[in-house]
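Q: This is the structure, below, for whatever I ask next.
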Amino acid sequence: MKTAIIFGASGGIGREFVAYCLQKYDHVFACTRQSQNFETIEGEHQGALHLMQVNPTTERELKVFAQFLGGREFNVQLIINACGVLHDQDGLAPEKKIEDFNVENFEKSVLGNTIITPLIAKHLMHLLDKGAKQLNTTGVFASLSARVGSISDNYLGGWYSYRASKAALNQLIKTLSVETERRFKHSAVIAIHPGTTDTSLSKPFQANVPAEKLFTPEYAIRKMMAVIENVTLDDSGKFYAWDGSLIEW
Ligand SMILES: NC(=O)c1ccc[n+]([C@@H]2O[C@H](COP(=O)([O-])OP(=O)(O)OC[C@H]3O[C@@H](n4cnc5c(N)ncnc54)[C@H](OP(=O)(O)O)[C@@H]3O)[C@@H](O)[C@H]2O)c1
């Protein structure tokens, strides 16, 4: 039973990945810290939706989730980490200048943007690889990163915590891809940038974005899934943009 797992499923992008995957997978696990429902995912779909209240920054919860999955006949073929944070209502905001930098906001950024991917990998990578082997396909672990996390692409400065937490995420993904080649031979690990997408994360920063460069979640997910669905083992360790072009680390 072809299975996809989406983390950050209550987010603007995560939710849309869930909706898309329900058209293509037998089972979709929508993992979120929230105890909300997904009644707004409407229409016919082939897959069964499983809502899981899992906090991916809490290892105990990931471990219980992995044990649940491992004890059943789910062939995990796709894992997407769509978690991330740029601002919140308690003072987290992208820094305009170095004087705005502080420890608390940097730690929040690392928590939401950096550590979730390695924790998911630690607990679920073996299940992805087993599922891919059984389905005779490539298992894909895709993490939502951001172009501003690219060190070589940084021309504007600012946004210290978000940039650095995504750059660290990128290094973790690259490092995981090296181990994956050796240990999880049926799987690939990639970073992907969605483009500026109309969600609560980008909302405060949309004013100067030309209309044609502000994507709906539906469009961004359709484009990203066209990339993800064509990932092969040779693509592991790459950093993709939404349109399939490569971004320098
Ligand atoms: N929107 C854009 O323009 C844009 C551009 C570039 C990159 N991205 C990246 O795309 C991804 C999705 O963003 P989005 O636009 O969908 O944002 P969003 O609507 O704010 O959703 C982000 C989700 O991340 C999860 N999350 C946030 N902080 C967390 C924490 N501390 N621990 C665990 N989970 C946490 C939450 O999911 P739950 O509450 O369900 O657990 C939240 O719903 C992020 O990685 C973001 O950096 C977005």
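For the structure tokens, the naming scheme is as follows: chains receive sequential letters (A, B, ...) according to their order of presentation, residues are indexed from 1 within each chain, and ligands are indexed from 1 in presentation order.
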Counting only C-alpha atoms, what is within 10 Å of A:Val18, bar same-chain residues fewer than 2 positions away, as a PyMOL selection string?
A: chain A and resi 4-10+13-16+20-23+25+28-31+38+41+49+80+221
Q: Skipping near chain neighbours, those fewer than 5 positions away, what residues fall within 12 Å of stretch 86-100 of chain A using only C-alpha atoms, listed as JSON, numbers by chain?
A: {"A": [105, 106, 107, 108, 109, 110, 111, 112, 113, 145, 146, 148, 156, 157, 158, 159, 160, 161, 162, 163, 164, 165, 166, 199, 200, 201, 202, 203, 204, 205]}
Q: Those residues you just picked out, can you put them in a file as a CSV table (one decimal), in the first residue's frame with N, CA, C and O atoms?
A:
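File out_35.csv, as written:
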```csv
chain,number,residue,atom,x,y,z
A,105,ASN,N,15.4,34.2,19.3
A,105,ASN,CA,14.8,34.0,17.9
A,105,ASN,C,15.7,33.1,17.1
A,105,ASN,O,15.1,32.4,16.2
A,106,PHE,N,17.0,33.1,17.3
A,106,PHE,CA,17.8,32.1,16.6
A,106,PHE,C,17.4,30.7,17.0
A,106,PHE,O,17.3,29.8,16.1
A,107,GLU,N,17.2,30.5,18.3
A,107,GLU,CA,16.9,29.1,18.7
A,107,GLU,C,15.5,28.7,18.2
A,107,GLU,O,15.3,27.5,17.8
A,108,LYS,N,14.6,29.6,18.1
A,108,LYS,CA,13.2,29.3,17.6
A,108,LYS,C,13.4,28.9,16.1
A,108,LYS,O,12.7,28.0,15.6
A,109,SER,N,14.3,29.6,15.4
A,109,SER,CA,14.5,29.3,13.9
A,109,SER,C,15.1,27.9,13.7
A,109,SER,O,14.7,27.2,12.9
A,110,VAL,N,16.0,27.6,14.6
A,110,VAL,CA,16.7,26.3,14.5
A,110,VAL,C,15.7,25.2,14.8
A,110,VAL,O,15.6,24.2,14.1
A,111,LEU,N,14.9,25.5,15.8
A,111,LEU,CA,13.9,24.4,16.2
A,111,LEU,C,12.9,24.2,15.0
A,111,LEU,O,12.6,23.0,14.7
A,112,GLY,N,12.4,25.2,14.4
A,112,GLY,CA,11.4,25.1,13.4
A,112,GLY,C,11.9,24.7,12.0
A,112,GLY,O,11.3,24.0,11.2
A,113,ASN,N,13.2,25.1,11.7
A,113,ASN,CA,13.7,25.0,10.4
A,113,ASN,C,14.8,23.9,10.2
A,113,ASN,O,15.0,23.5,9.1
A,145,SER,N,13.2,23.7,2.0
A,145,SER,CA,14.2,24.6,2.4
A,145,SER,C,13.8,26.0,1.8
A,145,SER,O,12.6,26.2,1.6
A,146,ALA,N,14.8,26.8,1.6
A,146,ALA,CA,14.5,28.2,1.0
A,146,ALA,C,15.7,28.6,0.3
A,146,ALA,O,16.8,28.4,0.8
A,148,VAL,N,16.9,31.5,0.2
A,148,VAL,CA,17.7,32.4,1.0
A,148,VAL,C,18.7,31.6,2.0
A,148,VAL,O,19.5,32.2,2.6
A,156,LEU,N,21.7,39.9,-0.7
A,156,LEU,CA,20.9,41.0,0.0
A,156,LEU,C,21.2,41.1,1.5
A,156,LEU,O,20.9,42.2,2.1
A,157,GLY,N,21.7,40.0,2.1
A,157,GLY,CA,21.9,40.1,3.6
A,157,GLY,C,20.6,40.1,4.3
A,157,GLY,O,19.5,39.8,3.8
A,158,GLY,N,20.7,40.4,5.6
A,158,GLY,CA,19.5,40.4,6.5
A,158,GLY,C,19.0,38.9,6.7
A,158,GLY,O,19.6,37.9,6.3
A,159,TRP,N,17.9,38.8,7.5
A,159,TRP,CA,17.3,37.6,7.8
A,159,TRP,C,18.3,36.5,8.3
A,159,TRP,O,18.3,35.4,7.9
A,160,TYR,N,19.1,37.0,9.2
A,160,TYR,CA,20.2,36.1,9.7
A,160,TYR,C,19.7,34.7,10.2
A,160,TYR,O,20.3,33.7,9.8
A,161,SER,N,18.7,34.7,11.1
A,161,SER,CA,18.3,33.5,11.7
A,161,SER,C,17.7,32.5,10.7
A,161,SER,O,17.9,31.3,10.7
A,162,TYR,N,16.8,33.1,9.9
A,162,TYR,CA,16.1,32.2,8.9
A,162,TYR,C,17.2,31.7,7.9
A,162,TYR,O,17.2,30.5,7.6
A,163,ARG,N,18.0,32.5,7.4
A,163,ARG,CA,19.0,32.1,6.4
A,163,ARG,C,19.9,31.0,7.0
A,163,ARG,O,20.2,30.0,6.4
A,164,ALA,N,20.4,31.3,8.3
A,164,ALA,CA,21.4,30.4,8.9
A,164,ALA,C,20.7,29.1,9.2
A,164,ALA,O,21.3,28.0,9.1
A,165,SER,N,19.5,29.1,9.7
A,165,SER,CA,18.8,27.8,10.1
A,165,SER,C,18.5,27.0,8.8
A,165,SER,O,18.6,25.8,8.9
A,166,LYS,N,18.2,27.7,7.7
A,166,LYS,CA,18.0,26.9,6.4
A,166,LYS,C,19.4,26.4,5.8
A,166,LYS,O,19.4,25.4,5.3
A,199,THR,N,1.2,31.9,1.8
A,199,THR,CA,0.8,31.2,3.0
A,199,THR,C,1.0,32.2,4.2
A,199,THR,O,1.5,33.3,3.9
A,200,SER,N,0.7,31.8,5.4
A,200,SER,CA,0.8,32.7,6.5
A,200,SER,C,2.3,33.0,6.7
A,200,SER,O,2.6,34.1,7.2
A,201,LEU,N,3.2,32.1,6.3
A,201,LEU,CA,4.6,32.4,6.5
A,201,LEU,C,5.1,33.6,5.7
A,201,LEU,O,5.9,34.4,6.1
A,202,SER,N,4.6,33.7,4.4
A,202,SER,CA,5.1,34.7,3.5
A,202,SER,C,4.2,36.0,3.6
A,202,SER,O,4.6,37.0,3.1
A,203,LYS,N,3.1,35.9,4.2
A,203,LYS,CA,2.1,37.0,4.2
A,203,LYS,C,2.7,38.4,4.5
A,203,LYS,O,2.5,39.3,3.7
A,204,PRO,N,3.4,38.5,5.5
A,204,PRO,CA,3.9,39.9,5.8
A,204,PRO,C,5.0,40.4,4.8
A,204,PRO,O,5.3,41.6,4.9
A,205,PHE,N,5.4,39.6,3.9
A,205,PHE,CA,6.5,40.0,3.0
A,205,PHE,C,6.1,39.9,1.6
A,205,PHE,O,7.0,39.8,0.7
```
Q: Considering only alpha helix (DSSP H) as DSSP defines it on the backbone, what residues of stretch 1-239 of chain A qualify? List them as a ChimeraX atom specification.
A: /A:12-24,59-70,103-113,116-135,160-183,217-228
Q: With a distance cut-off of 12 Å and only C-alpha atoms, select the neighbouring residues of A:Lys122, excluding the residue or stretch itself and same-chain residues fewer than 5 positions from it, and output the selection as number ranges by chain.
A: A: 56-57, 59-60, 62-63, 66, 115-117, 127-128, 172, 176, 179-180, 184
Q: Can you work out which one of A:Ala220, A:Val103, A:Ile151, A:Leu144 has the shortest atom-to-atom distance to A:Trp242, counting only C-alpha atoms?
A: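 Of the candidates, the smallest distance to A:Trp242 is held by A:Ala220.
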Q: Env of A:Tyr240: 9 Å cut, atoms = only C-alpha atoms, seq-sep filter 5 positions within chain, self excluded. Answer as a count of residues only.
A: 11
Q: Would you pick out the contacts of A:Gly237 at 6 Å or less, using only C-alpha atoms, so that residues sharing its chain but fewer than 6 positions from it are not included, and give the list as a ChimeraX atom specification?
A: /A:174,177,189-190
Q: Can you check which residues of stretch 117-238 of chain A DSSP gives as strand (DSSP E or B) on the backbone and send them as a PyMOL selection string?
A: chain A and resi 139-144+187-193+197+215
Q: What's around A:Thr137 at 10 Å? Count only C-alpha atoms, leave out sequence neighbours fewer than 4 positions away in its own chain, and write the answer as an mmCIF file with N, CA, C and O atoms, in the first residue's frame.
A:
```cif
data_model
loop_
_atom_site.group_PDB
_atom_site.id
_atom_site.type_symbol
_atom_site.label_atom_id
_atom_site.label_comp_id
_atom_site.auth_asym_id
_atom_site.auth_seq_id
_atom_site.Cartn_x
_atom_site.Cartn_y
_atom_site.Cartn_z
ATOM 1 N N GLN A 77 6.674 5.458 0.671
ATOM 2 C CA GLN A 77 7.412 5.784 -0.560
ATOM 3 C C GLN A 77 7.867 7.242 -0.566
ATOM 4 O O GLN A 77 8.800 7.617 -1.266
ATOM 5 N N ASP A 129 13.052 3.394 3.302
ATOM 6 C CA ASP A 129 13.891 2.536 2.463
ATOM 7 C C ASP A 129 13.260 1.150 2.269
ATOM 8 O O ASP A 129 13.273 0.606 1.164
ATOM 9 N N GLY A 131 10.028 0.486 2.442
ATOM 10 C CA GLY A 131 8.850 0.656 1.590
ATOM 11 C C GLY A 131 9.246 0.763 0.131
ATOM 12 O O GLY A 131 8.629 0.141 -0.747
ATOM 13 N N ALA A 132 10.293 1.544 -0.135
ATOM 14 C CA ALA A 132 10.736 1.733 -1.521
ATOM 15 C C ALA A 132 11.209 0.401 -2.104
ATOM 16 O O ALA A 132 10.914 0.078 -3.260
ATOM 17 N N LYS A 133 11.904 -0.370 -1.290
ATOM 18 C CA LYS A 133 12.395 -1.680 -1.765
ATOM 19 C C LYS A 133 11.214 -2.584 -2.112
ATOM 20 O O LYS A 133 11.185 -3.226 -3.168
ATOM 21 N N HIS A 186 17.758 2.387 -1.444
ATOM 22 C CA HIS A 186 16.603 2.563 -2.331
ATOM 23 C C HIS A 186 16.003 3.960 -2.193
ATOM 24 O O HIS A 186 14.897 4.217 -2.671
ATOM 25 N N SER A 187 16.720 4.845 -1.494
ATOM 26 C CA SER A 187 16.123 6.150 -1.159
ATOM 27 C C SER A 187 16.984 7.331 -1.600
ATOM 28 O O SER A 187 18.205 7.204 -1.735
ATOM 29 N N THR A 232 15.462 10.438 -8.888
ATOM 30 C CA THR A 232 16.083 9.115 -8.932
ATOM 31 C C THR A 232 17.194 9.082 -7.875
ATOM 32 O O THR A 232 17.524 10.104 -7.274
ATOM 33 N N LEU A 233 17.793 7.909 -7.704
ATOM 34 C CA LEU A 233 18.877 7.792 -6.721
ATOM 35 C C LEU A 233 20.016 8.762 -7.048
ATOM 36 O O LEU A 233 20.659 9.299 -6.154
#
```
